[in-house]
$ cat coords18.cif   # mmCIF, C-alpha atoms
data_my_file
#
loop_
_atom_site.label_atom_id
_atom_site.label_comp_id
_atom_site.auth_asym_id
_atom_site.auth_seq_id
_atom_site.Cartn_x
_atom_site.Cartn_y
_atom_site.Cartn_z
CA MET A 942 0.00 0.00 0.00
CA THR A 943 1.28 3.47 -0.88
CA PRO A 944 1.98 5.51 2.30
CA SER A 945 -0.33 8.50 2.63
CA ILE A 946 -1.23 11.37 4.93
CA THR A 947 -3.55 9.84 7.52
CA ALA A 948 -4.35 12.81 9.76
CA LEU A 949 -4.13 16.55 10.11
CA ASP A 950 -4.30 17.42 13.81
CA THR A 951 -4.68 21.01 15.01
CA PHE A 952 -3.88 22.82 18.25
CA ASP A 953 -4.72 26.30 19.59
CA ILE A 954 -1.48 27.16 21.42
CA ARG A 955 -1.18 30.42 23.38
CA PHE A 956 1.52 31.88 25.61
CA PRO A 957 0.80 34.59 28.24
CA THR A 958 3.34 37.13 26.95
CA SER A 959 1.05 40.08 27.67
CA ARG A 960 1.81 39.75 31.38
CA GLU A 961 5.37 41.01 30.90
CA LEU A 962 4.43 43.27 27.95
CA ASP A 963 6.70 41.22 25.67
CA GLY A 964 5.75 42.03 22.10
CA SER A 965 3.96 45.27 22.96
CA ASP A 966 3.80 48.00 20.34
CA ALA A 967 1.68 51.01 19.37
CA MET A 968 -1.05 48.91 17.75
CA ASN A 969 -0.83 45.77 19.89
CA PRO A 970 -0.38 46.76 23.54
CA ASP A 971 -1.13 43.37 25.14
CA PRO A 972 -0.29 40.45 22.82
CA ASP A 973 -0.43 36.83 23.92
CA TYR A 974 1.87 35.21 21.39
CA SER A 975 0.00 32.27 19.85
CA ALA A 976 0.31 29.59 17.21
CA ALA A 977 -2.43 27.92 15.20
CA TYR A 978 -0.49 24.68 14.98
CA LEU A 979 -0.88 21.50 12.96
CA VAL A 980 0.72 18.09 12.64
CA LEU A 981 0.57 15.94 9.50
CA ARG A 982 0.71 12.24 10.35
CA THR A 983 1.38 9.40 7.92
CA ASP A 984 1.37 5.60 7.76
CA ALA A 985 4.82 5.51 6.16
CA GLY A 986 6.25 3.70 9.17
CA ASP A 987 9.28 6.01 9.46
CA GLY A 988 7.97 8.03 12.40
CA LEU A 989 8.26 11.29 10.50
CA GLU A 990 5.62 14.02 10.80
CA GLY A 991 5.11 17.41 9.20
CA HIS A 992 4.74 20.33 11.60
CA GLY A 993 3.48 23.77 10.66
CA PHE A 994 1.80 26.81 12.14
CA THR A 995 0.82 30.38 11.66
CA PHE A 996 1.24 33.15 14.20
CA THR A 997 -1.42 35.23 15.97
CA ILE A 998 -1.45 37.28 19.17
CA GLY A 999 -4.23 35.68 21.20
CA ARG A 1000 -7.94 36.08 20.66
CA GLY A 1001 -8.92 34.77 17.26
CA ASN A 1002 -6.36 31.99 17.30
CA ASP A 1003 -9.32 29.61 17.43
CA VAL A 1004 -10.61 31.12 14.19
CA GLN A 1005 -7.23 30.53 12.57
CA VAL A 1006 -7.25 26.91 13.77
CA ALA A 1007 -10.73 26.44 12.28
CA ALA A 1008 -9.44 27.73 8.94
CA ILE A 1009 -6.65 25.15 8.97
CA GLU A 1010 -9.16 22.41 9.77
CA ALA A 1011 -11.22 23.48 6.75
CA LEU A 1012 -8.29 22.40 4.55
CA ARG A 1013 -8.05 18.88 5.98
CA HIS A 1014 -9.88 17.20 3.08
CA HIS A 1015 -7.31 18.54 0.62
CA VAL A 1016 -4.46 16.85 2.48
CA VAL A 1017 -5.57 13.64 4.19
CA GLY A 1018 -5.26 10.68 1.83
CA ARG A 1019 -2.59 12.19 -0.42
CA PRO A 1020 0.37 9.92 -1.15
CA VAL A 1021 3.31 11.04 0.97
CA ALA A 1022 5.98 10.58 -1.71
CA GLU A 1023 4.04 12.51 -4.35
CA LEU A 1024 3.19 15.33 -1.95
CA CYS A 1025 6.76 15.78 -0.78
CA ALA A 1026 8.13 15.57 -4.32
CA ASP A 1027 5.86 18.42 -5.41
CA PRO A 1028 4.56 20.65 -2.56
CA GLY A 1029 3.50 23.11 -5.25
CA SER A 1030 0.72 20.75 -6.29
CA LEU A 1031 -0.91 21.13 -2.89
CA ASN A 1032 -0.27 24.85 -2.89
CA ARG A 1033 -2.09 25.19 -6.20
CA ASP A 1034 -5.00 23.03 -5.05
CA LEU A 1035 -5.47 24.95 -1.82
CA ILE A 1036 -5.31 28.36 -3.46
CA GLY A 1037 -7.49 27.12 -6.31
CA ASP A 1038 -10.35 25.78 -4.17
CA SER A 1039 -13.14 27.78 -5.78
CA GLN A 1040 -15.34 27.99 -2.69
CA LEU A 1041 -12.61 28.71 -0.15
CA ARG A 1042 -11.06 31.17 -2.59
CA TRP A 1043 -14.12 33.38 -2.18
CA LEU A 1044 -12.98 34.02 1.41
CA GLY A 1045 -9.76 35.63 0.13
CA PRO A 1046 -8.63 35.35 -2.47
CA GLU A 1047 -5.04 34.84 -1.33
CA LYS A 1048 -5.28 37.00 1.75
CA GLY A 1049 -6.35 36.91 5.37
CA VAL A 1050 -7.18 33.98 7.61
CA MET A 1051 -7.62 31.39 4.85
CA HIS A 1052 -4.37 32.32 3.14
CA MET A 1053 -2.47 32.09 6.41
CA ALA A 1054 -4.06 28.68 6.98
CA ILE A 1055 -2.83 27.59 3.55
CA GLY A 1056 0.64 28.78 4.52
CA ALA A 1057 0.57 26.72 7.71
CA VAL A 1058 -0.40 23.54 5.85
CA VAL A 1059 2.06 24.10 3.01
CA ASN A 1060 4.87 24.78 5.48
CA ALA A 1061 4.05 21.51 7.27
CA VAL A 1062 4.46 19.68 3.97
CA TRP A 1063 7.86 21.28 3.42
CA ASP A 1064 8.85 20.29 6.96
CA LEU A 1065 7.92 16.68 6.17
CA ALA A 1066 9.66 16.80 2.78
CA ALA A 1067 12.90 18.10 4.29
CA LYS A 1068 12.82 15.47 7.03
CA ARG A 1069 12.34 12.73 4.44
CA GLU A 1070 15.37 14.07 2.53
CA GLY A 1071 17.41 14.25 5.75
CA LYS A 1072 18.18 17.94 5.18
CA PRO A 1073 17.38 21.25 6.85
CA LEU A 1074 14.97 23.18 4.64
CA TRP A 1075 17.50 25.82 3.59
CA GLN A 1076 19.75 23.07 2.24
CA LEU A 1077 16.88 21.24 0.54
CA LEU A 1078 16.09 24.44 -1.36
CA ALA A 1079 19.72 25.32 -2.04
CA ASP A 1080 20.45 21.84 -3.43
CA ALA A 1081 17.33 21.75 -5.62
CA GLU A 1082 17.55 22.10 -9.38
CA PRO A 1083 16.56 25.61 -10.54
CA GLU A 1084 13.96 24.15 -12.90
CA TRP A 1085 12.25 22.37 -10.00
CA LEU A 1086 12.26 25.51 -7.85
CA VAL A 1087 10.64 27.47 -10.68
CA SER A 1088 7.95 24.78 -10.92
CA GLN A 1089 7.10 25.47 -7.27
CA VAL A 1090 6.33 29.16 -7.89
CA ASP A 1091 2.94 30.54 -8.90
CA PHE A 1092 3.63 33.29 -11.43
CA ARG A 1093 0.01 34.37 -11.79
CA TYR A 1094 -0.35 38.12 -11.34
CA ILE A 1095 3.41 38.72 -11.11
CA ALA A 1096 4.59 37.77 -14.63
CA ASP A 1097 4.61 41.43 -15.66
CA ALA A 1098 7.45 41.90 -13.16
CA LEU A 1099 9.05 38.45 -13.11
CA THR A 1100 8.68 35.73 -15.74
CA PRO A 1101 9.48 32.05 -15.17
CA GLU A 1102 12.34 32.41 -17.64
CA ARG A 1103 13.86 35.30 -15.69
CA ALA A 1104 13.39 33.44 -12.40
CA LEU A 1105 15.21 30.45 -13.87
CA ASP A 1106 18.07 32.71 -14.93
CA LEU A 1107 18.33 34.18 -11.41
CA LEU A 1108 18.41 30.74 -9.83
CA ARG A 1109 20.97 29.38 -12.29
CA ARG A 1110 23.24 32.34 -11.57
CA GLY A 1111 22.64 31.82 -7.86
CA ARG A 1112 24.16 28.34 -8.02
CA ASP A 1113 27.59 29.75 -8.93
CA GLY A 1114 29.68 29.50 -5.78
CA SER A 1115 26.81 28.09 -3.74
CA HIS A 1116 28.85 25.25 -2.22
CA ASP A 1117 31.45 27.72 -0.92
CA ARG A 1118 28.73 29.93 0.52
CA ALA A 1119 27.10 26.94 2.21
CA ARG A 1120 30.40 26.20 3.96
CA THR A 1121 30.70 29.84 4.99
CA LEU A 1122 27.14 29.79 6.30
CA LEU A 1123 27.81 26.72 8.42
CA GLU A 1124 30.95 28.34 9.85
CA ARG A 1125 29.67 31.87 10.44
CA GLY A 1126 25.89 31.81 10.45
CA TYR A 1127 23.57 34.53 9.16
CA PRO A 1128 23.48 38.15 10.43
CA ALA A 1129 20.72 38.99 12.92
CA TYR A 1130 19.28 42.07 14.57
CA THR A 1131 17.23 42.20 17.73
CA THR A 1132 13.96 43.81 18.76
CA SER A 1133 14.12 42.52 22.33
CA PRO A 1134 15.17 45.88 23.86
CA GLY A 1135 12.52 47.90 22.10
CA TRP A 1136 9.03 46.80 23.15
CA LEU A 1137 6.84 49.80 23.79
CA GLY A 1138 5.74 48.69 27.25
CA TYR A 1139 9.28 48.48 28.62
CA SER A 1140 10.64 51.13 30.96
CA ASP A 1141 13.54 53.33 29.88
CA GLU A 1142 15.77 51.51 32.35
CA LYS A 1143 14.91 48.12 30.87
CA LEU A 1144 15.32 49.46 27.32
CA THR A 1145 18.79 50.83 28.17
CA ARG A 1146 19.92 47.66 29.89
CA LEU A 1147 18.74 45.40 27.07
CA ALA A 1148 20.20 47.67 24.38
CA LYS A 1149 23.62 47.54 26.02
CA GLU A 1150 23.33 43.77 26.37
CA ALA A 1151 22.46 43.47 22.68
CA VAL A 1152 25.65 45.27 21.66
CA ALA A 1153 27.68 43.12 24.05
CA ASP A 1154 26.10 40.05 22.45
CA GLY A 1155 27.38 41.06 19.02
CA PHE A 1156 24.30 42.62 17.44
CA THR A 1157 25.04 45.50 15.08
CA GLN A 1158 21.38 46.57 14.80
CA ILE A 1159 18.52 46.94 17.27
CA LYS A 1160 14.92 48.02 16.76
CA LEU A 1161 12.54 50.17 18.82
CA LYS A 1162 8.77 50.29 18.67
CA VAL A 1163 7.39 53.81 18.21
CA GLY A 1164 4.14 55.55 17.39
CA ALA A 1165 2.09 55.93 20.56
CA ASN A 1166 3.43 59.25 21.86
CA LEU A 1167 6.01 61.43 20.14
CA ALA A 1168 7.53 62.85 23.31
CA ASP A 1169 7.95 59.34 24.69
CA ASP A 1170 9.51 58.19 21.42
CA ILE A 1171 12.01 61.06 21.42
CA ARG A 1172 13.01 60.22 24.99
CA ARG A 1173 13.26 56.48 24.28
CA CYS A 1174 15.24 56.94 21.06
CA ARG A 1175 17.62 59.28 22.86
CA ALA A 1176 18.14 56.72 25.61
CA ALA A 1177 18.68 53.90 23.11
CA ARG A 1178 21.13 55.88 20.98
CA ALA A 1179 23.11 56.82 24.10
CA ALA A 1180 23.18 53.17 25.13
CA VAL A 1181 24.41 51.73 21.82
CA GLY A 1182 26.54 54.58 20.50
CA PRO A 1183 26.70 56.08 17.01
CA ASP A 1184 27.90 53.04 15.08
CA ILE A 1185 25.07 50.60 15.83
CA ARG A 1186 22.13 50.71 13.45
CA MET A 1187 18.85 51.55 15.17
CA ALA A 1188 15.62 50.85 13.30
CA ILE A 1189 12.21 52.12 14.39
CA ASP A 1190 8.86 50.39 13.88
CA ALA A 1191 5.44 52.09 13.89
CA ASN A 1192 3.38 48.92 13.27
CA GLN A 1193 1.04 50.69 10.79
CA ARG A 1194 0.11 53.37 13.32
CA TRP A 1195 0.13 56.48 11.15
CA ASN A 1196 -1.52 58.24 8.24
CA VAL A 1197 0.93 59.19 5.52
CA ASP A 1198 1.40 62.80 6.69
CA GLU A 1199 1.84 61.65 10.29
CA ALA A 1200 4.44 59.12 9.21
CA ILE A 1201 6.47 61.82 7.51
CA GLU A 1202 6.19 64.26 10.42
CA TRP A 1203 6.95 61.67 13.10
CA THR A 1204 9.89 60.11 11.26
CA THR A 1205 11.32 63.57 10.57
CA ALA A 1206 11.04 64.38 14.27
CA LEU A 1207 13.05 61.24 15.12
CA ALA A 1208 15.63 61.74 12.36
CA GLU A 1209 18.15 63.30 14.78
CA PHE A 1210 18.69 59.82 16.27
CA ASP A 1211 19.78 58.45 12.88
CA PRO A 1212 17.18 55.70 12.46
CA TYR A 1213 18.25 53.16 9.86
CA TRP A 1214 14.71 52.40 8.72
CA ILE A 1215 11.13 53.24 9.58
CA GLU A 1216 9.10 50.04 9.53
CA GLU A 1217 5.41 49.85 8.63
CA PRO A 1218 4.90 53.62 8.69
CA THR A 1219 1.32 53.25 7.42
CA SER A 1220 -1.13 50.59 6.20
CA PRO A 1221 0.66 47.67 4.51
CA ASP A 1222 -1.94 47.86 1.72
CA ASP A 1223 -1.06 51.48 0.87
CA ILE A 1224 1.55 51.12 -1.85
CA LEU A 1225 1.43 54.74 -2.97
CA GLY A 1226 1.44 55.93 0.64
CA HIS A 1227 4.66 54.04 1.28
CA ALA A 1228 6.17 55.56 -1.85
CA THR A 1229 5.25 59.04 -0.64
CA VAL A 1230 6.75 58.40 2.78
CA ARG A 1231 9.92 57.00 1.23
CA ARG A 1232 10.48 60.07 -0.91
CA ALA A 1233 9.88 62.40 2.03
CA VAL A 1234 11.97 60.77 4.79
CA ALA A 1235 15.11 59.75 2.86
CA PRO A 1236 17.85 58.98 3.80
CA VAL A 1237 15.86 57.06 6.42
CA LYS A 1238 14.88 53.83 4.68
CA VAL A 1239 11.34 52.47 4.49
CA ALA A 1240 10.77 48.81 5.41
CA THR A 1241 7.51 46.87 5.15
CA GLY A 1242 6.27 43.34 4.71
CA GLU A 1243 5.26 41.42 7.82
CA HIS A 1244 1.59 42.20 7.14
CA VAL A 1245 1.77 42.27 3.34
CA GLN A 1246 -0.77 39.69 2.33
CA ASN A 1247 0.62 38.16 -0.85
CA ARG A 1248 3.19 38.26 -3.63
CA ILE A 1249 1.03 40.61 -5.68
CA VAL A 1250 1.22 43.43 -3.14
CA PHE A 1251 4.97 42.88 -2.78
CA LYS A 1252 5.26 43.14 -6.57
CA GLN A 1253 3.50 46.50 -6.52
CA LEU A 1254 5.59 47.83 -3.63
CA LEU A 1255 8.70 47.00 -5.65
CA GLN A 1256 7.35 48.34 -8.92
CA ALA A 1257 6.34 51.62 -7.26
CA GLY A 1258 9.72 52.10 -5.59
CA ALA A 1259 7.89 52.22 -2.28
CA ILE A 1260 10.33 50.29 -0.06
CA ASP A 1261 14.06 50.10 0.58
CA VAL A 1262 13.82 46.90 2.63
CA LEU A 1263 11.47 43.97 2.02
CA GLN A 1264 10.34 42.17 5.17
CA LEU A 1265 8.75 38.89 4.22
CA ASP A 1266 7.15 36.73 6.90
CA SER A 1267 7.31 32.93 6.95
CA ALA A 1268 3.67 32.51 8.00
CA ARG A 1269 1.72 35.51 6.63
CA VAL A 1270 1.55 34.40 2.99
CA GLY A 1271 0.87 30.99 1.42
CA GLY A 1272 3.96 29.22 2.75
CA VAL A 1273 7.36 28.40 1.27
CA ASN A 1274 6.10 28.37 -2.32
CA GLU A 1275 4.87 31.95 -2.19
CA ASN A 1276 7.90 33.09 -0.26
CA LEU A 1277 10.06 31.70 -3.05
CA ALA A 1278 8.18 34.01 -5.42
CA ILE A 1279 8.75 36.96 -3.06
CA LEU A 1280 12.47 36.25 -2.71
CA LEU A 1281 12.76 36.07 -6.49
CA LEU A 1282 10.91 39.37 -6.89
CA ALA A 1283 13.22 41.06 -4.40
CA ALA A 1284 16.26 39.67 -6.21
CA GLU A 1285 14.94 40.92 -9.54
CA PHE A 1286 14.47 44.45 -8.16
CA GLY A 1287 17.71 44.44 -6.15
CA VAL A 1288 15.98 45.12 -2.84
CA PRO A 1289 17.43 43.48 0.28
CA VAL A 1290 15.25 41.09 2.28
CA CYS A 1291 15.32 41.50 6.07
CA PRO A 1292 12.58 39.15 7.28
CA HIS A 1293 10.17 39.72 10.11
CA ALA A 1294 10.53 37.20 12.92
CA GLY A 1295 9.89 36.91 16.66
CA GLY A 1296 6.46 35.73 17.72
CA VAL A 1297 6.07 31.99 18.17
CA GLY A 1298 8.47 30.09 15.94
CA LEU A 1299 8.88 32.74 13.28
CA CYS A 1300 12.63 32.95 13.94
CA GLU A 1301 12.84 29.18 13.60
CA LEU A 1302 11.19 29.23 10.17
CA VAL A 1303 12.39 32.34 8.44
CA GLN A 1304 16.10 31.74 9.02
CA HIS A 1305 15.85 28.95 6.43
CA LEU A 1306 14.47 31.29 3.77
CA SER A 1307 17.21 33.88 4.23
CA MET A 1308 19.90 31.21 4.27
CA PHE A 1309 18.62 29.78 0.99
CA ASP A 1310 18.58 33.30 -0.46
CA TYR A 1311 22.24 33.77 0.47
CA VAL A 1312 23.49 30.36 -0.61
CA ALA A 1313 21.60 29.85 -3.88
CA LEU A 1314 19.91 33.07 -5.03
CA THR A 1315 21.45 36.48 -4.27
CA GLY A 1316 24.77 35.23 -2.87
CA THR A 1317 25.12 38.10 -0.42
CA THR A 1318 24.30 39.14 3.14
CA GLU A 1319 25.14 42.79 2.56
CA ASP A 1320 22.52 45.00 4.27
CA ARG A 1321 20.56 41.85 5.11
CA VAL A 1322 19.67 40.83 8.65
CA VAL A 1323 17.02 38.53 10.11
CA GLU A 1324 15.04 39.78 13.09
CA PHE A 1325 15.61 37.92 16.36
CA VAL A 1326 13.46 38.11 19.47
CA ASP A 1327 14.57 36.01 22.41
CA HIS A 1328 11.17 34.61 23.41
CA LEU A 1329 9.67 31.09 23.43
CA HIS A 1330 12.46 29.25 21.63
CA GLU A 1331 12.63 26.75 24.47
CA HIS A 1332 9.39 25.17 23.21
CA PHE A 1333 10.97 23.94 19.95
CA LEU A 1334 12.97 20.76 19.41
CA THR A 1335 15.50 22.60 17.23
CA PRO A 1336 15.32 26.20 18.41
CA ALA A 1337 16.81 29.17 16.61
CA ARG A 1338 20.08 30.20 18.21
CA VAL A 1339 22.03 33.41 17.85
CA VAL A 1340 25.75 33.61 18.70
CA ASP A 1341 27.77 36.80 18.31
CA GLY A 1342 24.93 38.50 16.46
CA HIS A 1343 24.47 35.67 13.93
CA TYR A 1344 21.89 32.92 13.57
CA THR A 1345 23.66 29.59 13.86
CA THR A 1346 22.91 27.51 10.79
CA PRO A 1347 20.36 24.72 11.32
CA THR A 1348 21.65 21.24 10.53
CA ALA A 1349 18.72 19.09 11.74
CA PRO A 1350 16.39 17.81 9.00
CA GLY A 1351 13.17 19.77 8.56
CA PHE A 1352 11.87 23.33 8.83
CA SER A 1353 12.66 23.75 12.58
CA ALA A 1354 8.90 23.89 13.16
CA GLN A 1355 8.33 21.08 15.65
CA MET A 1356 7.33 21.94 19.21
CA TYR A 1357 7.77 19.68 22.21
CA ALA A 1358 4.71 17.56 22.97
CA GLU A 1359 4.87 18.81 26.57
CA SER A 1360 4.67 22.45 25.44
CA ILE A 1361 1.67 21.66 23.26
CA ALA A 1362 -0.06 19.88 26.13
CA THR A 1363 0.69 22.68 28.58
CA PHE A 1364 -0.24 25.72 26.49
CA THR A 1365 -3.12 24.47 24.33
CA TYR A 1366 -6.05 26.81 24.98
CA PRO A 1367 -8.26 26.47 26.99
CA ASP A 1368 -7.73 22.90 28.20
CA GLY A 1369 -3.93 22.69 28.46
CA SER A 1370 -2.61 22.47 32.00
CA PHE A 1371 -1.43 26.10 32.16
CA TRP A 1372 -4.65 27.64 30.89
CA ALA A 1373 -6.94 25.26 32.76
CA ALA A 1374 -5.27 26.24 36.04
CA ASP A 1375 -5.23 29.91 35.07
CA LEU A 1376 -8.92 29.95 34.16
CA ALA A 1377 -9.77 28.06 37.36
CA ASP A 1378 -7.90 30.66 39.42
CA LEU A 1379 -9.77 33.43 37.61
CA ALA A 1380 -13.11 31.74 38.32
CA ASP A 1381 -12.18 31.38 42.00
CA LEU A 1382 -11.21 35.04 42.14
CA LYS A 1383 -14.53 36.09 40.62
CA GLY A 1384 -16.34 33.85 43.09
CA THR A 1385 -14.65 35.44 46.11
CA THR A 1386 -15.40 38.97 44.89
CA ALA A 1387 -19.01 38.33 43.89
#
$ encode --input "coords18.cif" --output "structure tokens"
Amino acid sequence: MTPSITALDTFDIRFPTSRELDGSDAMNPDPDYSAAYLVLRTDAGDGLEGHGFTFTIGRGNDVQVAAIEALRHHVVGRPVAELCADPGSLNRDLIGDSQLRWLGPEKGVMHMAIGAVVNAVWDLAAKREGKPLWQLLADAEPEWLVSQVDFRYIADALTPERALDLLRRGRDGSHDRARTLLERGYPAYTTSPGWLGYSDEKLTRLAKEAVADGFTQIKLKVGANLADDIRRCRAARAAVGPDIRMAIDANQRWNVDEAIEWTTALAEFDPYWIEEPTSPDDILGHATVRRAVAPVKVATGEHVQNRIVFKQLLQAGAIDVLQLDSARVGGVNENLAILLLAAEFGVPVCPHAGGVGLCELVQHLSMFDYVALTGTTEDRVVEFVDHLHEHFLTPARVVDGHYTTPTAPGFSAQMYAESIATFTYPDGSFWAADLADLADLKGTTA
């Protein structure tokens, strides 16, 4: 009998990060970092599973889980070997479901669910090949990689023929770069000092620690109060000195005119980029901001919903830095398209990470980009946030300001069974006890 996918199991996993204000910013003051998580199980007899997830910040994670469950019938029963040999076939089927497509198309909750499932397939495929995902992609034939990309709606900016040319050129020297990557890792920057809810003292301490740990760039959240931002940026710049890059992130807080005024007011602190200065859907707004605030760079992408919007941001000259996210769009296949678009336009990719597991995933995409596409790490860094890595079997690690290169097979997506059991909402042991305590407290105050 041909081995097949026998189950797609889902979990609503939430962590109480709001209690320490980890992850707080101008638009999201109290996030509980969460993962709508899935496991693909097979009857192949090798014990291998595919793990995937998408990231949310608490309430609504159950909705995201339900969206993943709605895709189960597309996956269960598929032959394992065929699925892993061509993840793009599943990607096309999921995006092409005519009834589910009405809920997007290719955006929002359903598209993120597709990304979670597709990423789980890539995790399984890499495990079956015995390679970390970055290496699976870097070793793949350019023709096969092109077959994994959906060029609909982007062929006016990037044709399959041009993508094939980029990938063939990217193979030159790739073995040497892979050795360098394994020795040195990939450059990182950190947002850990900069959460908006942190005190100035905590910001200063963490900023100094970041420099001591080898980071050459930090990031601060801004956008709630200009006077506070001026004070916090002054404290951060004093802590890190003039030679460390300091990015600022507004998390979509502003109108276009506000973005220009606010960024101009913070320009004295030499911000390297302003991130998400306005709505991620406002291509022309980003272009206007970019023209007005130069030489401060404009960076956007963690909430950009698909490759089509990225294409337009690049065509309009609206961004200096492209910030793809491993779980926002339709998984590895669509992120391949986005990496190729960025390479075509010569725009550096500095991915969004942090959250639950996003560091674990996105490091693979940047490492593939370096080894087998652009061949450079110049002006490229991957975000690192030092939260929740202990819940993963193969956690992301940063040493001397660089991601250490994953060597374990897979997409680094698998969480410990104990963590899943503890933090599944609302019946996991942590949340069950927490909700019981809350009920007792309400009872005593009634």
$ resolve_selection --input "coords18.cif" --expression "the PyMOL selection byres ((chain A and resi 1340) around 12)" --output "number ranges by chain"
A: 1124-1130, 1151, 1153-1156, 1325, 1337-1339, 1341-1346
$ resolve_selection --input "coords18.cif" --expression "the PyMOL selection byres ((chain A and resi 1141) around 12)" --output "PyMOL selection string"
chain A and resi 1134-1140+1142-1148+1161+1169-1180
$ resolve_selection --input "coords18.cif" --expression "the PyMOL selection byres ((chain A and resi 1246-1253) around 10)" --output "ChimeraX atom specification"
/A:1046-1049,1052-1053,1091-1099,1221-1225,1241-1245,1254-1260,1263-1266,1269-1271,1275-1280,1282-1283,1286
$ write_last_selection --input "coords18.cif" --atoms "C-alpha atoms" --output "PDB file, in the frame of the given file"
ATOM      1  CA  PRO A1046      -8.630  35.350  -2.470  1.00  0.00           C
ATOM      2  CA  GLU A1047      -5.040  34.840  -1.330  1.00  0.00           C
ATOM      3  CA  LYS A1048      -5.280  37.000   1.750  1.00  0.00           C
ATOM      4  CA  GLY A1049      -6.350  36.910   5.370  1.00  0.00           C
ATOM      5  CA  HIS A1052      -4.370  32.320   3.140  1.00  0.00           C
ATOM      6  CA  MET A1053      -2.470  32.090   6.410  1.00  0.00           C
ATOM      7  CA  ASP A1091       2.940  30.540  -8.900  1.00  0.00           C
ATOM      8  CA  PHE A1092       3.630  33.290 -11.430  1.00  0.00           C
ATOM      9  CA  ARG A1093       0.010  34.370 -11.790  1.00  0.00           C
ATOM     10  CA  TYR A1094      -0.350  38.120 -11.340  1.00  0.00           C
ATOM     11  CA  ILE A1095       3.410  38.720 -11.110  1.00  0.00           C
ATOM     12  CA  ALA A1096       4.590  37.770 -14.630  1.00  0.00           C
ATOM     13  CA  ASP A1097       4.610  41.430 -15.660  1.00  0.00           C
ATOM     14  CA  ALA A1098       7.450  41.900 -13.160  1.00  0.00           C
ATOM     15  CA  LEU A1099       9.050  38.450 -13.110  1.00  0.00           C
ATOM     16  CA  PRO A1221       0.660  47.670   4.510  1.00  0.00           C
ATOM     17  CA  ASP A1222      -1.940  47.860   1.720  1.00  0.00           C
ATOM     18  CA  ASP A1223      -1.060  51.480   0.870  1.00  0.00           C
ATOM     19  CA  ILE A1224       1.550  51.120  -1.850  1.00  0.00           C
ATOM     20  CA  LEU A1225       1.430  54.740  -2.970  1.00  0.00           C
ATOM     21  CA  THR A1241       7.510  46.870   5.150  1.00  0.00           C
ATOM     22  CA  GLY A1242       6.270  43.340   4.710  1.00  0.00           C
ATOM     23  CA  GLU A1243       5.260  41.420   7.820  1.00  0.00           C
ATOM     24  CA  HIS A1244       1.590  42.200   7.140  1.00  0.00           C
ATOM     25  CA  VAL A1245       1.770  42.270   3.340  1.00  0.00           C
ATOM     26  CA  LEU A1254       5.590  47.830  -3.630  1.00  0.00           C
ATOM     27  CA  LEU A1255       8.700  47.000  -5.650  1.00  0.00           C
ATOM     28  CA  GLN A1256       7.350  48.340  -8.920  1.00  0.00           C
ATOM     29  CA  ALA A1257       6.340  51.620  -7.260  1.00  0.00           C
ATOM     30  CA  GLY A1258       9.720  52.100  -5.590  1.00  0.00           C
ATOM     31  CA  ALA A1259       7.890  52.220  -2.280  1.00  0.00           C
ATOM     32  CA  ILE A1260      10.330  50.290  -0.060  1.00  0.00           C
ATOM     33  CA  LEU A1263      11.470  43.970   2.020  1.00  0.00           C
ATOM     34  CA  GLN A1264      10.340  42.170   5.170  1.00  0.00           C
ATOM     35  CA  LEU A1265       8.750  38.890   4.220  1.00  0.00           C
ATOM     36  CA  ASP A1266       7.150  36.730   6.900  1.00  0.00           C
ATOM     37  CA  ARG A1269       1.720  35.510   6.630  1.00  0.00           C
ATOM     38  CA  VAL A1270       1.550  34.400   2.990  1.00  0.00           C
ATOM     39  CA  GLY A1271       0.870  30.990   1.420  1.00  0.00           C
ATOM     40  CA  GLU A1275       4.870  31.950  -2.190  1.00  0.00           C
ATOM     41  CA  ASN A1276       7.900  33.090  -0.260  1.00  0.00           C
ATOM     42  CA  LEU A1277      10.060  31.700  -3.050  1.00  0.00           C
ATOM     43  CA  ALA A1278       8.180  34.010  -5.420  1.00  0.00           C
ATOM     44  CA  ILE A1279       8.750  36.960  -3.060  1.00  0.00           C
ATOM     45  CA  LEU A1280      12.470  36.250  -2.710  1.00  0.00           C
ATOM     46  CA  LEU A1282      10.910  39.370  -6.890  1.00  0.00           C
ATOM     47  CA  ALA A1283      13.220  41.060  -4.400  1.00  0.00           C
ATOM     48  CA  PHE A1286      14.470  44.450  -8.160  1.00  0.00           C
TER      49      PHE A1286
END
$ residues_around --input "coords18.cif" --residues "Val1059 in chain A" --least-positions-apart "4" --cutoff "10 Å" --atoms "all atoms listed in the file" --output "PyMOL selection string"
chain A and resi 991-994+1016+1028-1032+1035+1053-1055+1063-1065+1268+1271-1275
$ residues_around --input "coords18.cif" --residues "range 1203-1215 of chain A" --least-positions-apart "6" --cutoff "9 Å" --atoms "all atoms listed in the file" --output "list of chain:residue names"
A:Gln1158, A:Gly1164, A:Leu1167, A:Asp1170, A:Ile1171, A:Cys1174, A:Arg1175, A:Arg1178, A:Pro1183, A:Arg1186, A:Met1187, A:Ala1188, A:Ile1189, A:Asp1190, A:Ala1191, A:Trp1195, A:Ala1233, A:Val1234, A:Pro1236, A:Val1237, A:Lys1238, A:Val1239, A:Ala1240, A:Thr1241, A:Asp1261, A:Val1262
$ closest_residue --input "coords18.cif" --among "A:Lys1149, A:Thr1348, A:Tyr1357, A:Phe956" --to "Phe1333 in chain A" --atoms "all atoms listed in the file"
A:Tyr1357
$ atom_distance --input "coords18.cif" --atom1 "CA of Asp1378 in chain A" --atom2 "CA of Ser1360 in chain A"
20.5 Å
